[in-house]
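Student: Sharing a structure below in structure tokens format, with a few things to ask.
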Amino acid sequence: MNYEPPKWADRFLRWYCNPRFLEEIEGDIYELFDRRVEQQNPKVARLKFIWDVFRFFRWSNINRTNSKYTTMNHFMLLRNYLKLGMRNIRKNLVSSSINIFGMAIAICFAISIFIFTDAQLSMDNFHSNADRIYQITNYVDQDGNDNLWSDSPMMLGPALKTDHPSVEEFARFEFRSTVAKYKSEVFDELAVFTDPSFFKMFDYEMIAGNRDVLYNKSNVVISKEMAIKYFNDEDPIGKELSFKFMNGKVKRLVVGAVLEKYPYNTSIGFDFYLPMENFYDLEFENANDWAFMTDANFILLKEGESISSIYDSFDKYKELQHGSNPEWKVRSFEPLVLTDLSTTSYMIEGSVSGGGHPAGRVALIVIATFLLGMACFNFMNISVVSASKRLKEIALRKVMGSVRREIIYQFMVENLLTCFFALLVGAALSYFLLIPWFDIMIPEMDIQFRTNDPFTLIYLMLGLLIGVGIISGAYPAFYISKFDTITIFKGNEKFGSKNLFSKIMLGIQFFLAVMTIVGCFIMTEQSIYLGEKDWGYDPEGTMSVYVNGQEQYDLLKNQVVNHPAVINHTSSDLLIGRGITKVSFEMGDKQIGVRRIGASEGYFDTFRLRMKEGRPLTDRAEDKNGNVVVNEKFVNAMGWESGLGQTFTYDSTRYKVVGIVEDFHYYDFFSPIDPVMIHGLAPEKVRYLTVQADPEKLVDLEQHTREAWLAIAPNDPFDRVFQEDAFDGFYQENESNINILMLITGIAIVLACLGLYGLLSFNVQGKLKEFSVRKVLGAEPKVLVKIISKQYFWVLLISFLIGAPLGTFGMMNLVVSVFPDTKPVTALPFIIAVSIILITLIVTVAGQIKKAINVNPADLLRTE
Amino acid sequence: MKGNHLGELEELVLLTVGSLYNEAYGVAVMDEIRENAGRDMNISAIHAVLRRLEEKGLLKSHMGGSTNERGGRRKRLFTLTKAGKLALDQSISLRQSLYERIPNITYSFSI
């Protein structure tokens, strides 16, 4: 009988084996197979056949090229290419440095933006349970709009834990401002009441103390910063801190643990953690019920559980909540996983985690891509043009037997080498300059040269090297290698001087530059406009002091208002610039959100608010209770034709409008102005004493007030605000924005200049002979200038005509989504962009023209 | 590069190819080594060594005529080159000269 070896094994052998060896190998193992069938048995023979097939599965049998000389040759050529690349860089030092430097700037920007974005996207992911921690937010119906709120029912956390075995722990946050005191150190602070399981859910490291201290309600956990602020060198553990709350109650708590400095990507980190039980003591009426909304509810799921396991209870909770708080109805609950919180926080009202609007992030990424694109085009352009000097080398290589692939390979290696240097310089620039600069510009974030996962940075660098190297190097390499040897040697290759391609490249580059410049200037214009905007009142010389109740107010007022510097004074319960409360009330069938301030006589004079109609409030009885002054927005929101004399009811009080004040800003310029009502102030509700003084004597007055305060209330911090500083935070942010935009514009301009310069210098170099001939024949310098600049004029005009509208359109879309109140686009950004580019052009062209004009024709035309 | 140094297995295969004169192909070399040296080797290892020796220029090869065995597949037959013969001579004379230098006294150490 005729036995056959297993077919699949034979097929496998034929598949992998180099055809050159297949016959002998197959022959040998078939011979062995036949012998084994005879001597042993078919089964063993088949197994051994399979074994043999696998034993032959080695590289020397698979490798098709099968020549170690080829690989060695590749390696040696690579060395040769690298050496040539280095020599070329050194030989054309100017154009290579332009290439490297331009690319380095773009790479530096790309790396920095990446690091910046990475820091924002990796917020909070260092907690080992990060993917199991959820915040339960909720949509609340307000004036027919569903708004996402962080504030959720106090009972939600505990209910979820009892109802669902999948929920391991819960922790709620309830913020209260407090006055913390240790010996003589007294400061205003923000305390968070939380459940003791907080430190089981979140991974914050502790310097001292253990994670269970909050189970003891007489303990408090503080941040490292606070430990230094209050205790300096002392050991804080076991020391007693006293906390005085707004309702006058005082809690004395013992420091049980101190937290290590928060990691840079922490968005939820506070200074004082107080056990939740203390909150019940303080405000018992707010204790566990469904009506009270606490600031945030966090839960920790058990491992392997899905968040959907808790969905079925939501309807039940909704009913409970509606039953106890019909004014504030939760429409639906929305669990959000911890790692997404800071990127979505801009959508959440009362969010506990920081994190800005993503528009800025997106804009930065887009701009970084633009800059990289510009640098790549730059690179392509200069490479293609500089290759025109090397046509003979290419032709000679072809004659000596190089195939096209090898020439492509050579140019790619050279380009990668240049990119490698650019990457080194770019990373160094980012490390030493841009990242530290970002860190200063954006004080609320700690930005360092690092990524959350160190490998990301390495991948980024490799990606940039390969991506940028291939994108910018591929075209030159393929283009150059295509040339015909004979045409080159005959000198017929028309290339470099009148190349349409390099003009298109330059056009695209300028198009990107124009877009960036116009966009940045529009944004800057808007930022400057915001910065110079009328506040609606005059803050100069105005100082407010926070007082804790009527008694302190009366004492302080008597001491301060008699100071010779004081011009006006008033009292209020809330302060412009610190945010004023928003309340909502029904007007007929619609709900409107209104901000309110309680104020006494002199308020309008002290702040120099501008009355539009009617009169300001006084201290007369009818003004104290019943008369209000509203702003213009209020009148519009109510739909009144004329506001004066209108009445409305709020909080069961009937109000009559006696005056209308012009709209003024009370928080920042990013948020739109809401309707505002200013009503009389009940004496016991006073919180701020505000005085208007001669600005030159303000420092004096402050000193005087501080001394008076120390005598009146040594246990309370002296908290004073200069109205001129009220929008400081806003101005700083605005200024950072302007600075960052200016930097980007600067980079775009530099890149565009470099591109133009590189191209021009090659162009002029190639035409020097032509110019010499023209000069010999009597050409004026004017003619040369015209010849050189003419060919770039149209390119620039076209790129401007396309780039400017696109830049405007893109940036305005962004601007409208970020700024509430935009200024219409003026011609200024375009004029600036045009003049910048023109100046660039003139400066770059001038140098080259000078060269062309100064050249001695005899030097160039002589052949001997 | 390992240089022109001859490994122990390489030397063995080289000797076997020489002794099989004109009949040296994979399976034959394998059988010969098993019979004479008692070493059981896989056919793939023999192929690898043969190819390496050919790359070093110590062996040359040609395809034999086709026969009825092996499904009509031809054998690759190996023969010694001049360099191969030289390498064997050198290696054997080196061994011989070293062997002869072993003094008699060496044996007296064995107890």
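As shown in the structure tokens, the chain order sets the letters A, B, ...; within each chain, residues go from 1, and ligands are also counted from 1 in the order they appear.
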If we count only C-alpha atoms, which residues of chain A reach to within 9 Å of chain B? Please list them as a list in words.
Tutor: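 Going by the stated atoms only, the list reads Glu23, Glu24, Ile25, Glu26, Gly27, Asp28, Ile29, Tyr30, Glu31, Leu32, Asp34, Asp52, Val53, Arg55, Phe56, Phe57, Ser60 and Asn61 of chain A.
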Student: Residues at most 10 Å from stretch 31-38 of chain B, counting only C-alpha atoms, excluding those fewer than 3 positions away in the same chain, as number ranges by chain?
Tutor: B: 12-13, 15-17, 19-20, 24, 26-28, 41, 43, 46
Student: How about saving the chosen residues, C-alpha atoms kept, as a compact mmCIF listing (two decimals), in the first residue's frame?
Tutor:
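This is the output file part-v5.txt:
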# COMPACT_ATOMS: atom_id res chain seq x y z
CA LEU B 12 32.44 16.02 11.06
CA VAL B 13 30.06 16.82 8.21
CA LEU B 15 34.75 14.65 6.62
CA THR B 16 31.62 12.67 5.90
CA VAL B 17 30.98 14.53 2.64
CA SER B 19 34.23 10.11 2.43
CA LEU B 20 30.91 9.76 0.60
CA ALA B 24 26.80 13.11 -0.42
CA GLY B 26 21.29 15.33 3.14
CA VAL B 27 19.93 11.92 4.09
CA ALA B 28 23.11 10.06 3.15
CA MET B 41 20.66 14.18 14.15
CA ILE B 43 17.79 16.21 8.84
CA ILE B 46 22.36 18.55 8.48
Student: Which polymer residues have any atom within 10 Å of an atom of stretch 97-103 of chain A, counting only C-alpha atoms, with same-chain residues fewer than 6 positions away left out, as a ChimeraX atom specification?
Tutor: /A:89-90,109,371-383,417-426,468,747-748,750-755,757-758
Student: Could you write out the selected residues, including N, CA and C atoms, as a compact mmCIF listing (two decimals), in the first residue's frame?
Tutor:
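That gives us out.txt:
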# COMPACT_ATOMS: atom_id res chain seq x y z
N ILE A 89 24.19 68.75 5.37
CA ILE A 89 23.73 69.71 6.37
C ILE A 89 24.83 70.74 6.61
N ARG A 90 26.06 70.27 6.71
CA ARG A 90 27.14 71.20 6.99
C ARG A 90 27.42 72.12 5.81
N PHE A 109 6.21 73.32 19.65
CA PHE A 109 4.83 73.70 19.95
C PHE A 109 3.94 72.47 20.05
N LEU A 371 0.71 74.67 12.48
CA LEU A 371 2.12 75.04 12.52
C LEU A 371 2.98 73.90 11.99
N LEU A 372 2.62 72.66 12.41
CA LEU A 372 3.38 71.51 11.91
C LEU A 372 3.25 71.43 10.40
N GLY A 373 2.04 71.66 9.91
CA GLY A 373 1.81 71.62 8.46
C GLY A 373 2.68 72.64 7.75
N MET A 374 2.70 73.85 8.31
CA MET A 374 3.52 74.89 7.70
C MET A 374 4.97 74.48 7.65
N ALA A 375 5.45 73.92 8.78
CA ALA A 375 6.85 73.51 8.84
C ALA A 375 7.12 72.42 7.81
N CYS A 376 6.16 71.50 7.64
CA CYS A 376 6.35 70.42 6.67
C CYS A 376 6.45 70.98 5.26
N PHE A 377 5.57 71.91 4.92
CA PHE A 377 5.60 72.50 3.59
C PHE A 377 6.92 73.22 3.35
N ASN A 378 7.33 73.94 4.39
CA ASN A 378 8.61 74.60 4.37
C ASN A 378 9.72 73.64 3.98
N PHE A 379 9.70 72.55 4.70
CA PHE A 379 10.71 71.51 4.57
C PHE A 379 10.71 70.95 3.15
N MET A 380 9.51 70.61 2.67
CA MET A 380 9.39 70.05 1.32
C MET A 380 9.97 71.01 0.31
N ASN A 381 9.55 72.25 0.45
CA ASN A 381 9.98 73.27 -0.48
C ASN A 381 11.48 73.37 -0.55
N ILE A 382 12.07 73.53 0.63
CA ILE A 382 13.51 73.73 0.67
C ILE A 382 14.23 72.47 0.19
N SER A 383 13.70 71.28 0.56
CA SER A 383 14.37 70.05 0.11
C SER A 383 14.33 69.95 -1.40
N LEU A 417 17.16 62.34 9.01
CA LEU A 417 18.27 62.84 9.81
C LEU A 417 18.00 64.30 10.20
N THR A 418 17.57 65.09 9.22
CA THR A 418 17.26 66.48 9.51
C THR A 418 16.13 66.56 10.55
N CYS A 419 15.10 65.73 10.36
CA CYS A 419 13.98 65.73 11.30
C CYS A 419 14.45 65.34 12.69
N PHE A 420 15.41 64.43 12.74
CA PHE A 420 15.90 63.99 14.03
C PHE A 420 16.54 65.16 14.78
N PHE A 421 17.35 65.93 14.06
CA PHE A 421 17.94 67.11 14.70
C PHE A 421 16.85 68.09 15.12
N ALA A 422 15.86 68.26 14.24
CA ALA A 422 14.76 69.18 14.55
C ALA A 422 14.03 68.72 15.80
N LEU A 423 13.85 67.39 15.92
CA LEU A 423 13.16 66.85 17.08
C LEU A 423 13.96 67.15 18.35
N LEU A 424 15.29 66.94 18.27
CA LEU A 424 16.13 67.21 19.44
C LEU A 424 16.00 68.67 19.86
N VAL A 425 16.15 69.57 18.88
CA VAL A 425 16.08 70.99 19.20
C VAL A 425 14.69 71.34 19.71
N GLY A 426 13.66 70.79 19.04
CA GLY A 426 12.28 71.09 19.43
C GLY A 426 11.99 70.65 20.86
N VAL A 468 6.44 63.29 10.62
CA VAL A 468 6.91 64.52 9.99
C VAL A 468 7.98 64.20 8.96
N ILE A 747 5.08 82.72 16.09
CA ILE A 747 5.64 81.50 15.51
C ILE A 747 5.21 81.35 14.06
N ALA A 748 3.92 81.61 13.80
CA ALA A 748 3.43 81.48 12.43
C ALA A 748 4.20 82.42 11.50
N VAL A 750 7.22 83.68 11.97
CA VAL A 750 8.60 83.22 11.82
C VAL A 750 8.69 82.07 10.82
N LEU A 751 7.74 81.12 10.93
CA LEU A 751 7.77 79.98 10.01
C LEU A 751 7.59 80.45 8.57
N ALA A 752 6.62 81.35 8.38
CA ALA A 752 6.37 81.83 7.02
C ALA A 752 7.61 82.53 6.48
N CYS A 753 8.26 83.36 7.32
CA CYS A 753 9.48 84.06 6.92
C CYS A 753 10.54 83.07 6.52
N LEU A 754 10.75 82.07 7.36
CA LEU A 754 11.81 81.10 7.09
C LEU A 754 11.56 80.44 5.74
N GLY A 755 10.30 80.07 5.50
CA GLY A 755 9.98 79.41 4.24
C GLY A 755 10.32 80.31 3.07
N TYR A 757 12.28 82.88 2.98
CA TYR A 757 13.70 83.17 2.90
C TYR A 757 14.45 82.02 2.23
N GLY A 758 14.14 80.81 2.68
CA GLY A 758 14.82 79.64 2.13
C GLY A 758 14.63 79.56 0.63
Student: Skip A:Ile407 itself and residues of its chain fewer than 3 positions away, then list as a ChimeraX atom specification all residues within 9 Å of it, counting only C-alpha atoms.
Tutor: /A:394,397-398,402-404,410-412,477-478,480-481
Student: With stretch 541-552 of chain A as the partner and 12 Å as the cut-off, tabulate the residues of stretch 157-209 of chain A that qualify, each row holding the nearest pair of atoms and their distance in Å to one decimal, using only C-alpha atoms, sorted by chain and rising number, as CSV.
Tutor:
residue,atom,partner,partner_atom,distance
A:Thr178,CA,A:Asn548,CA,11.6
A:Val179,CA,A:Asn548,CA,10.8
A:Asp188,CA,A:Tyr546,CA,10.8
Student: Restricting the output to C-alpha atoms, write the selected residues as a CSV table (one decimal), in the first residue's frame.
Tutor:
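Output below, filename again_11.csv:
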chain,number,residue,atom,x,y,z
A,178,THR,CA,-15.7,78.8,57.6
A,179,VAL,CA,-13.2,80.7,59.7
A,188,ASP,CA,-11.3,82.3,55.9
Student: Rounded to one decimal place, report the atom CA of A:Asn734-atom CA of A:Leu530 distance in Å.
Tutor: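 Answer for the atom CA of A:Asn734 to atom CA of A:Leu530 separation: 8.1 Å.
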Student: Residues of chain B in helix (DSSP H, G or I) according to DSSP, as JSON, numbers by chain?
Tutor: {"B": [8, 9, 10, 11, 12, 13, 14, 15, 16, 17, 18, 19, 26, 27, 28, 29, 30, 31, 32, 33, 34, 35, 36, 37, 43, 44, 45, 46, 47, 48, 49, 50, 51, 52, 53, 54, 55, 69, 70, 71, 72, 82, 83, 84, 85, 86, 87, 88, 89, 90, 91, 92, 93, 94, 95, 96, 97, 98, 99, 100, 104, 105, 106, 107, 108, 109]}
Student: Measuring atom to atom with only C-alpha atoms, identify which of B:Glu11, B:Glu23, B:Asp40, B:Glu54 is nearest to B:Gln90.
Tutor: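 Of the candidates, the smallest distance to B:Gln90 is held by B:Glu11.
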Student: Counting only C-alpha atoms, what is within 9 Å of stretch 250-258 of chain A, bar same-chain residues fewer than 6 positions away, as a PyMOL selection string?
Tutor: chain A and resi 205-211+213-214+217-224+226-227+236-244+274+278+282
Student: So which one's closest to A:Tyr273, A:Glu334, A:Asp312, A:Glu260, A:Glu174? Using only C-alpha atoms, please.
Tutor: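 Distance minimum relative to A:Tyr273 lands on A:Glu174.
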Student: Any idea what's packed within 7 Å of A:Tyr655, counting only C-alpha atoms, ignoring anything in its chain fewer than 6 positions away? Could you give it as a PyMOL selection string?
Tutor: chain A and resi 626-628+647-649
Student: Taking the chain letters and numbering used in this document, name the residues of chain B that DSSP puts in strand (DSSP E), as a PyMOL selection string.
Tutor: chain B and resi 59-63+76-80
Student: Need to verify the contact set: A:Ala708, 10 Å, only C-alpha atoms, exclusion of same-chain residues closer than 5 positions in sequence. Can you return it as a PyMOL selection string?
Tutor: chain A and resi 555-560+702-703+713-714
